[in-house]
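**Student:** query.pdb (PDB, C-alpha atoms, pLDDT in the B column) pasted underneath:
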```
ATOM      1  CA  MET A   1    -101.874-189.956 276.283  1.00 53.00           C
ATOM      2  CA  GLY A   2    -102.874-186.733 277.686  1.00 57.00           C
ATOM      3  CA  ASN A   3    -100.523-183.865 276.665  1.00 61.00           C
ATOM      4  CA  ALA A   4    -101.382-183.363 272.980  1.00 59.00           C
ATOM      5  CA  ARG A   5    -103.203-180.052 272.361  1.00 66.00           C
ATOM      6  CA  ASN A   6    -104.691-178.646 269.195  1.00 67.00           C
ATOM      7  CA  LYS A   7    -103.270-175.160 268.376  1.00 69.00           C
ATOM      8  CA  THR A   8    -105.625-173.230 266.138  1.00 75.00           C
ATOM      9  CA  GLY A   9    -104.635-169.564 266.823  1.00 75.00           C
ATOM     10  CA  LEU A  10    -101.744-167.359 265.654  1.00 78.00           C
ATOM     11  CA  SER A  11     -98.723-166.743 267.811  1.00 86.00           C
ATOM     12  CA  LEU A  12     -97.520-163.236 268.685  1.00 87.00           C
ATOM     13  CA  VAL A  13     -94.536-163.590 266.325  1.00 89.00           C
ATOM     14  CA  GLU A  14     -96.809-164.521 263.422  1.00 87.00           C
ATOM     15  CA  MET A  15     -99.016-161.488 264.126  1.00 89.00           C
ATOM     16  CA  LEU A  16     -95.976-159.185 264.229  1.00 91.00           C
ATOM     17  CA  ILE A  17     -94.760-160.530 260.886  1.00 92.00           C
ATOM     18  CA  VAL A  18     -98.181-159.881 259.310  1.00 91.00           C
ATOM     19  CA  VAL A  19     -98.243-156.316 260.686  1.00 93.00           C
ATOM     20  CA  ALA A  20     -94.674-155.700 259.432  1.00 94.00           C
ATOM     21  CA  VAL A  21     -95.596-156.871 255.924  1.00 94.00           C
ATOM     22  CA  ILE A  22     -98.691-154.639 255.899  1.00 94.00           C
ATOM     23  CA  VAL A  23     -96.619-151.611 257.027  1.00 93.00           C
ATOM     24  CA  LEU A  24     -94.006-152.336 254.357  1.00 93.00           C
ATOM     25  CA  LEU A  25     -96.635-152.557 251.597  1.00 92.00           C
ATOM     26  CA  ALA A  26     -98.337-149.366 252.794  1.00 91.00           C
ATOM     27  CA  SER A  27     -95.047-147.430 252.765  1.00 90.00           C
ATOM     28  CA  ILE A  28     -94.301-148.627 249.227  1.00 91.00           C
ATOM     29  CA  MET A  29     -97.771-147.518 248.098  1.00 91.00           C
ATOM     30  CA  LEU A  30     -97.318-144.074 249.699  1.00 90.00           C
ATOM     31  CA  GLY A  31     -93.983-143.650 247.910  1.00 86.00           C
ATOM     32  CA  VAL A  32     -95.534-144.563 244.578  1.00 88.00           C
ATOM     33  CA  ALA A  33     -98.476-142.198 245.179  1.00 88.00           C
ATOM     34  CA  GLU A  34     -96.091-139.345 246.032  1.00 86.00           C
ATOM     35  CA  LEU A  35     -94.079-139.975 242.863  1.00 86.00           C
ATOM     36  CA  MET A  36     -97.245-140.026 240.738  1.00 89.00           C
ATOM     37  CA  ASP A  37     -98.419-136.771 242.345  1.00 85.00           C
ATOM     38  CA  SER A  38     -95.084-135.095 241.652  1.00 85.00           C
ATOM     39  CA  ARG A  39     -95.078-136.230 238.020  1.00 90.00           C
ATOM     40  CA  SER A  40     -98.643-135.031 237.464  1.00 90.00           C
ATOM     41  CA  LYS A  41     -97.777-131.604 238.909  1.00 89.00           C
ATOM     42  CA  HIS A  42     -94.753-131.331 236.615  1.00 90.00           C
ATOM     43  CA  ARG A  43     -96.913-132.297 233.609  1.00 92.00           C
ATOM     44  CA  ALA A  44     -99.559-129.737 234.605  1.00 90.00           C
ATOM     45  CA  LEU A  45     -96.870-127.057 234.869  1.00 92.00           C
ATOM     46  CA  ARG A  46     -95.490-127.926 231.430  1.00 93.00           C
ATOM     47  CA  SER A  47     -99.019-127.691 230.027  1.00 92.00           C
ATOM     48  CA  THR A  48     -99.460-124.274 231.666  1.00 92.00           C
ATOM     49  CA  PHE A  49     -96.133-123.131 230.189  1.00 93.00           C
ATOM     50  CA  VAL A  50     -97.170-124.283 226.703  1.00 94.00           C
ATOM     51  CA  LEU A  51    -100.426-122.304 226.909  1.00 93.00           C
ATOM     52  CA  LEU A  52     -98.714-119.201 228.311  1.00 94.00           C
ATOM     53  CA  ASP A  53     -96.001-119.401 225.636  1.00 94.00           C
ATOM     54  CA  SER A  54     -98.726-119.539 223.001  1.00 94.00           C
ATOM     55  CA  ALA A  55    -100.517-116.571 224.604  1.00 94.00           C
ATOM     56  CA  LEU A  56     -97.239-114.629 224.645  1.00 94.00           C
ATOM     57  CA  GLU A  57     -96.736-115.378 220.934  1.00 94.00           C
ATOM     58  CA  GLN A  58    -100.273-114.156 220.202  1.00 94.00           C
ATOM     59  CA  TYR A  59     -99.582-111.007 222.218  1.00 93.00           C
ATOM     60  CA  TYR A  60     -96.353-110.428 220.268  1.00 93.00           C
ATOM     61  CA  ASP A  61     -98.126-110.937 216.946  1.00 93.00           C
ATOM     62  CA  TYR A  62    -100.730-108.323 217.930  1.00 94.00           C
ATOM     63  CA  TRP A  63     -98.505-105.654 219.570  1.00 91.00           C
ATOM     64  CA  ASP A  64     -95.094-106.467 218.018  1.00 91.00           C
ATOM     65  CA  ARG A  65     -93.620-106.630 221.533  1.00 89.00           C
ATOM     66  CA  PHE A  66     -93.896-108.785 224.629  1.00 89.00           C
ATOM     67  CA  PRO A  67     -95.797-107.768 227.783  1.00 86.00           C
ATOM     68  CA  ASP A  68     -93.905-105.384 230.032  1.00 81.00           C
ATOM     69  CA  PRO A  69     -93.049-106.951 233.417  1.00 77.00           C
ATOM     70  CA  ASN A  70     -92.332-103.477 234.793  1.00 76.00           C
ATOM     71  CA  LYS A  71     -96.031-102.539 234.688  1.00 74.00           C
ATOM     72  CA  VAL A  72     -96.290-103.879 238.238  1.00 62.00           C
ATOM     73  CA  ASN A  73     -97.572-100.665 239.776  1.00 61.00           C
ATOM     74  CA  VAL A  74     -99.233 -99.157 236.696  1.00 61.00           C
ATOM     75  CA  PRO A  75    -102.145 -98.975 237.524  1.00 65.00           C
ATOM     76  CA  PRO A  76    -102.495-101.249 240.600  1.00 65.00           C
ATOM     77  CA  PHE A  77    -100.671-104.473 239.628  1.00 72.00           C
ATOM     78  CA  PRO A  78     -98.977-105.849 242.754  1.00 74.00           C
ATOM     79  CA  SER A  79     -96.947-108.507 240.935  1.00 77.00           C
ATOM     80  CA  PRO A  80     -95.492-109.257 237.498  1.00 81.00           C
ATOM     81  CA  SER A  81     -97.867-112.249 237.257  1.00 84.00           C
ATOM     82  CA  ALA A  82    -100.939-110.024 237.745  1.00 84.00           C
ATOM     83  CA  ALA A  83     -99.570-107.517 235.218  1.00 85.00           C
ATOM     84  CA  LEU A  84     -98.869-110.343 232.755  1.00 87.00           C
ATOM     85  CA  TYR A  85    -102.348-111.806 233.129  1.00 88.00           C
ATOM     86  CA  SER A  86    -103.959-108.392 232.649  1.00 87.00           C
ATOM     87  CA  GLN A  87    -101.909-107.635 229.537  1.00 88.00           C
ATOM     88  CA  LEU A  88    -102.610-111.055 228.000  1.00 91.00           C
ATOM     89  CA  ASP A  89    -106.306-110.727 228.839  1.00 89.00           C
ATOM     90  CA  SER A  90    -106.455-107.348 227.079  1.00 88.00           C
ATOM     91  CA  THR A  91    -105.266-108.803 223.758  1.00 90.00           C
ATOM     92  CA  PRO A  92    -107.801-110.719 221.619  1.00 90.00           C
ATOM     93  CA  GLY A  93    -105.613-113.637 220.474  1.00 91.00           C
ATOM     94  CA  SER A  94    -103.901-114.209 223.776  1.00 91.00           C
ATOM     95  CA  ARG A  95    -107.187-113.907 225.711  1.00 90.00           C
ATOM     96  CA  GLU A  96    -108.535-116.908 223.790  1.00 92.00           C
ATOM     97  CA  VAL A  97    -105.474-118.911 224.802  1.00 91.00           C
ATOM     98  CA  ILE A  98    -105.450-118.013 228.514  1.00 89.00           C
ATOM     99  CA  GLU A  99    -109.139-118.885 228.735  1.00 89.00           C
ATOM    100  CA  ARG A 100    -108.000-122.492 228.176  1.00 89.00           C
ATOM    101  CA  LEU A 101    -105.844-122.434 231.312  1.00 87.00           C
ATOM    102  CA  SER A 102    -107.095-124.655 234.091  1.00 83.00           C
ATOM    103  CA  LYS A 103    -109.079-122.696 236.662  1.00 84.00           C
ATOM    104  CA  THR A 104    -106.875-124.288 239.325  1.00 84.00           C
ATOM    105  CA  VAL A 105    -103.839-122.246 238.179  1.00 86.00           C
ATOM    106  CA  ILE A 106    -105.650-118.886 238.215  1.00 88.00           C
ATOM    107  CA  ARG A 107    -106.227-117.301 241.574  1.00 85.00           C
ATOM    108  CA  ASN A 108    -107.134-113.824 242.695  1.00 83.00           C
ATOM    109  CA  ASN A 109    -104.594-112.012 244.822  1.00 79.00           C
ATOM    110  CA  PRO A 110    -105.618-109.863 247.822  1.00 77.00           C
ATOM    111  CA  ASP A 111    -106.363-106.973 245.432  1.00 77.00           C
ATOM    112  CA  ASN A 112    -108.794-109.299 243.591  1.00 80.00           C
ATOM    113  CA  LEU A 113    -106.620-109.364 240.466  1.00 83.00           C
ATOM    114  CA  PRO A 114    -106.030-112.714 238.744  1.00 88.00           C
ATOM    115  CA  GLU A 115    -102.559-114.240 238.813  1.00 89.00           C
ATOM    116  CA  VAL A 116    -101.166-117.431 237.304  1.00 90.00           C
ATOM    117  CA  THR A 117     -99.850-119.957 239.823  1.00 89.00           C
ATOM    118  CA  ASP A 118     -98.014-123.239 239.542  1.00 90.00           C
ATOM    119  CA  PRO A 119     -99.496-126.559 240.755  1.00 91.00           C
ATOM    120  CA  TRP A 120     -97.876-125.996 244.161  1.00 90.00           C
ATOM    121  CA  GLY A 121     -99.833-122.734 244.592  1.00 87.00           C
ATOM    122  CA  THR A 122     -96.950-120.292 244.100  1.00 88.00           C
ATOM    123  CA  VAL A 123     -97.337-117.320 241.752  1.00 88.00           C
ATOM    124  CA  LEU A 124     -95.276-117.698 238.559  1.00 89.00           C
ATOM    125  CA  ALA A 125     -92.435-115.242 238.030  1.00 88.00           C
ATOM    126  CA  TYR A 126     -92.412-113.400 234.693  1.00 88.00           C
ATOM    127  CA  LEU A 127     -89.104-112.034 233.408  1.00 87.00           C
ATOM    128  CA  TYR A 128     -88.483-110.200 230.171  1.00 86.00           C
ATOM    129  CA  VAL A 129     -85.594-107.982 229.235  1.00 82.00           C
ATOM    130  CA  PRO A 130     -86.117-106.038 225.984  1.00 80.00           C
ATOM    131  CA  GLY A 131     -83.904-107.589 223.376  1.00 80.00           C
ATOM    132  CA  ASP A 132     -84.333-111.144 224.663  1.00 83.00           C
ATOM    133  CA  THR A 133     -85.804-113.537 222.149  1.00 89.00           C
ATOM    134  CA  PHE A 134     -88.593-114.709 224.466  1.00 91.00           C
ATOM    135  CA  PRO A 135     -89.810-114.008 228.026  1.00 91.00           C
ATOM    136  CA  GLU A 136     -89.062-116.427 230.821  1.00 91.00           C
ATOM    137  CA  LEU A 137     -91.702-117.891 233.122  1.00 91.00           C
ATOM    138  CA  ILE A 138     -90.386-119.446 236.326  1.00 90.00           C
ATOM    139  CA  SER A 139     -92.064-121.719 238.853  1.00 90.00           C
ATOM    140  CA  ALA A 140     -90.577-121.952 242.347  1.00 87.00           C
ATOM    141  CA  GLY A 141     -91.131-125.705 242.208  1.00 87.00           C
ATOM    142  CA  PRO A 142     -92.059-128.034 245.051  1.00 88.00           C
ATOM    143  CA  ASP A 143     -90.221-126.032 247.733  1.00 86.00           C
ATOM    144  CA  LYS A 144     -92.232-122.866 246.826  1.00 84.00           C
ATOM    145  CA  ASP A 145     -89.090-120.703 247.063  1.00 85.00           C
ATOM    146  CA  LEU A 146     -87.720-118.833 244.043  1.00 82.00           C
ATOM    147  CA  THR A 147     -84.433-118.090 245.809  1.00 83.00           C
ATOM    148  CA  THR A 148     -83.406-121.760 245.791  1.00 82.00           C
ATOM    149  CA  VAL A 149     -82.414-122.112 242.170  1.00 75.00           C
ATOM    150  CA  GLY A 150     -81.879-125.890 242.124  1.00 81.00           C
ATOM    151  CA  ASP A 151     -85.551-126.893 241.888  1.00 84.00           C
ATOM    152  CA  ASN A 152     -86.988-123.913 240.008  1.00 89.00           C
ATOM    153  CA  ILE A 153     -88.694-124.836 236.748  1.00 89.00           C
ATOM    154  CA  SER A 154     -88.592-122.564 233.699  1.00 88.00           C
ATOM    155  CA  ASN A 155     -90.303-122.473 230.320  1.00 88.00           C
ATOM    156  CA  ARG A 156     -86.881-122.183 228.678  1.00 84.00           C
TER     157      ARG A 156
END
```
Translate this file's structure into structure tokens.

**Tutor:**
Amino acid sequence: MGNARNKTGLSLVEMLIVVAVIVLLASIMLGVAELMDSRSKHRALRSTFVLLDSALEQYYDYWDRFPDPNKVNVPPFPSPSAALYSQLDSTPGSREVIERLSKTVIRNNPDNLPEVTDPWGTVLAYLYVPGDTFPELISAGPDKDLTTVGDNISNR
């Protein structure tokens, strides 16, 4: 009569299974969160491109030309993005459009001049060759490197 015991606790194997399930669920949730973050950054970039394209159209309507990306050092513009922002800001119609840009995509460079950045914090590249139909804006994408062409994102 004497060897029957009541077992009310969990065994080590049961505890390990519970921990494994929790780790699996957490890793799935992190993957989903990363995907959602990536999609929201891509949507924010597309929204920025739409506003900048509209500002460029307003600039063209006013001056009958697109902003000059070669104004980098005239006067003290250290980058095409700073030159672009300054030229758009100096034109009434395009100024109204760039004022609608999210404050998170405008940052001041070391010379305290505003530049437009992508959601990953990299300054947008601005390319325009006279004779092209429309300027090109390029984001370096998630890797923050314009030299790796595979993940760069363009307004074209």

**Student:** Give me, as a count of residues only, all polymer residues having an atom no more than 8 Å from region 96-113 of chain A, counting only C-alpha atoms and skipping those fewer than 4 positions away in the same chain.

**Tutor:** 15

**Student:** Quote the spacing between CA of Arg65 (chain A) and CA of Arg95 (chain A) in Å to one decimal place.

**Tutor:** 16.0 Å

**Student:** What does the distance from CA of Asp145 (chain A) to CA of Leu124 (chain A) come to in Å, to one decimal?

**Tutor:**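 Atom-to-atom, CA of Asp145 (chain A) and CA of Leu124 (chain A) are spaced 10.9 Å apart.
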
**Student:** List the residues matched by the PyMOL selection byres ((chain A and resi 63) around 12) in the displayed structure as a list of chain:residue names, ordered by chain and then by residue number.

**Tutor:**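 Listing what the PyMOL selection byres ((chain A and resi 63) around 12) selects in the shown file: A:Leu56, A:Glu57, A:Gln58, A:Tyr59, A:Tyr60, A:Asp61, A:Tyr62, A:Asp64, A:Arg65, A:Phe66, A:Pro67, A:Asp68, A:Gln87, A:Leu88, A:Ser90, A:Thr91, A:Pro92, A:Gly93, A:Ser94.
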
**Student:** Would you mind exporting the chosen residues as a PDB file, in the coordinates of the input, restricted to C-alpha atoms?

**Tutor:**
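New file again-v6.pdb:
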```
ATOM      1  CA  LEU A  56     -97.239-114.629 224.645  1.00 94.00           C
ATOM      2  CA  GLU A  57     -96.736-115.378 220.934  1.00 94.00           C
ATOM      3  CA  GLN A  58    -100.273-114.156 220.202  1.00 94.00           C
ATOM      4  CA  TYR A  59     -99.582-111.007 222.218  1.00 93.00           C
ATOM      5  CA  TYR A  60     -96.353-110.428 220.268  1.00 93.00           C
ATOM      6  CA  ASP A  61     -98.126-110.937 216.946  1.00 93.00           C
ATOM      7  CA  TYR A  62    -100.730-108.323 217.930  1.00 94.00           C
ATOM      8  CA  ASP A  64     -95.094-106.467 218.018  1.00 91.00           C
ATOM      9  CA  ARG A  65     -93.620-106.630 221.533  1.00 89.00           C
ATOM     10  CA  PHE A  66     -93.896-108.785 224.629  1.00 89.00           C
ATOM     11  CA  PRO A  67     -95.797-107.768 227.783  1.00 86.00           C
ATOM     12  CA  ASP A  68     -93.905-105.384 230.032  1.00 81.00           C
ATOM     13  CA  GLN A  87    -101.909-107.635 229.537  1.00 88.00           C
ATOM     14  CA  LEU A  88    -102.610-111.055 228.000  1.00 91.00           C
ATOM     15  CA  SER A  90    -106.455-107.348 227.079  1.00 88.00           C
ATOM     16  CA  THR A  91    -105.266-108.803 223.758  1.00 90.00           C
ATOM     17  CA  PRO A  92    -107.801-110.719 221.619  1.00 90.00           C
ATOM     18  CA  GLY A  93    -105.613-113.637 220.474  1.00 91.00           C
ATOM     19  CA  SER A  94    -103.901-114.209 223.776  1.00 91.00           C
TER      20      SER A  94
END
```

**Student:** Which of these residues is nearest to Val129 (chain A), using all atoms listed in the file: A:Asn155, A:Ser86, A:Thr148, A:Asn70?

**Tutor:** A:Asn70
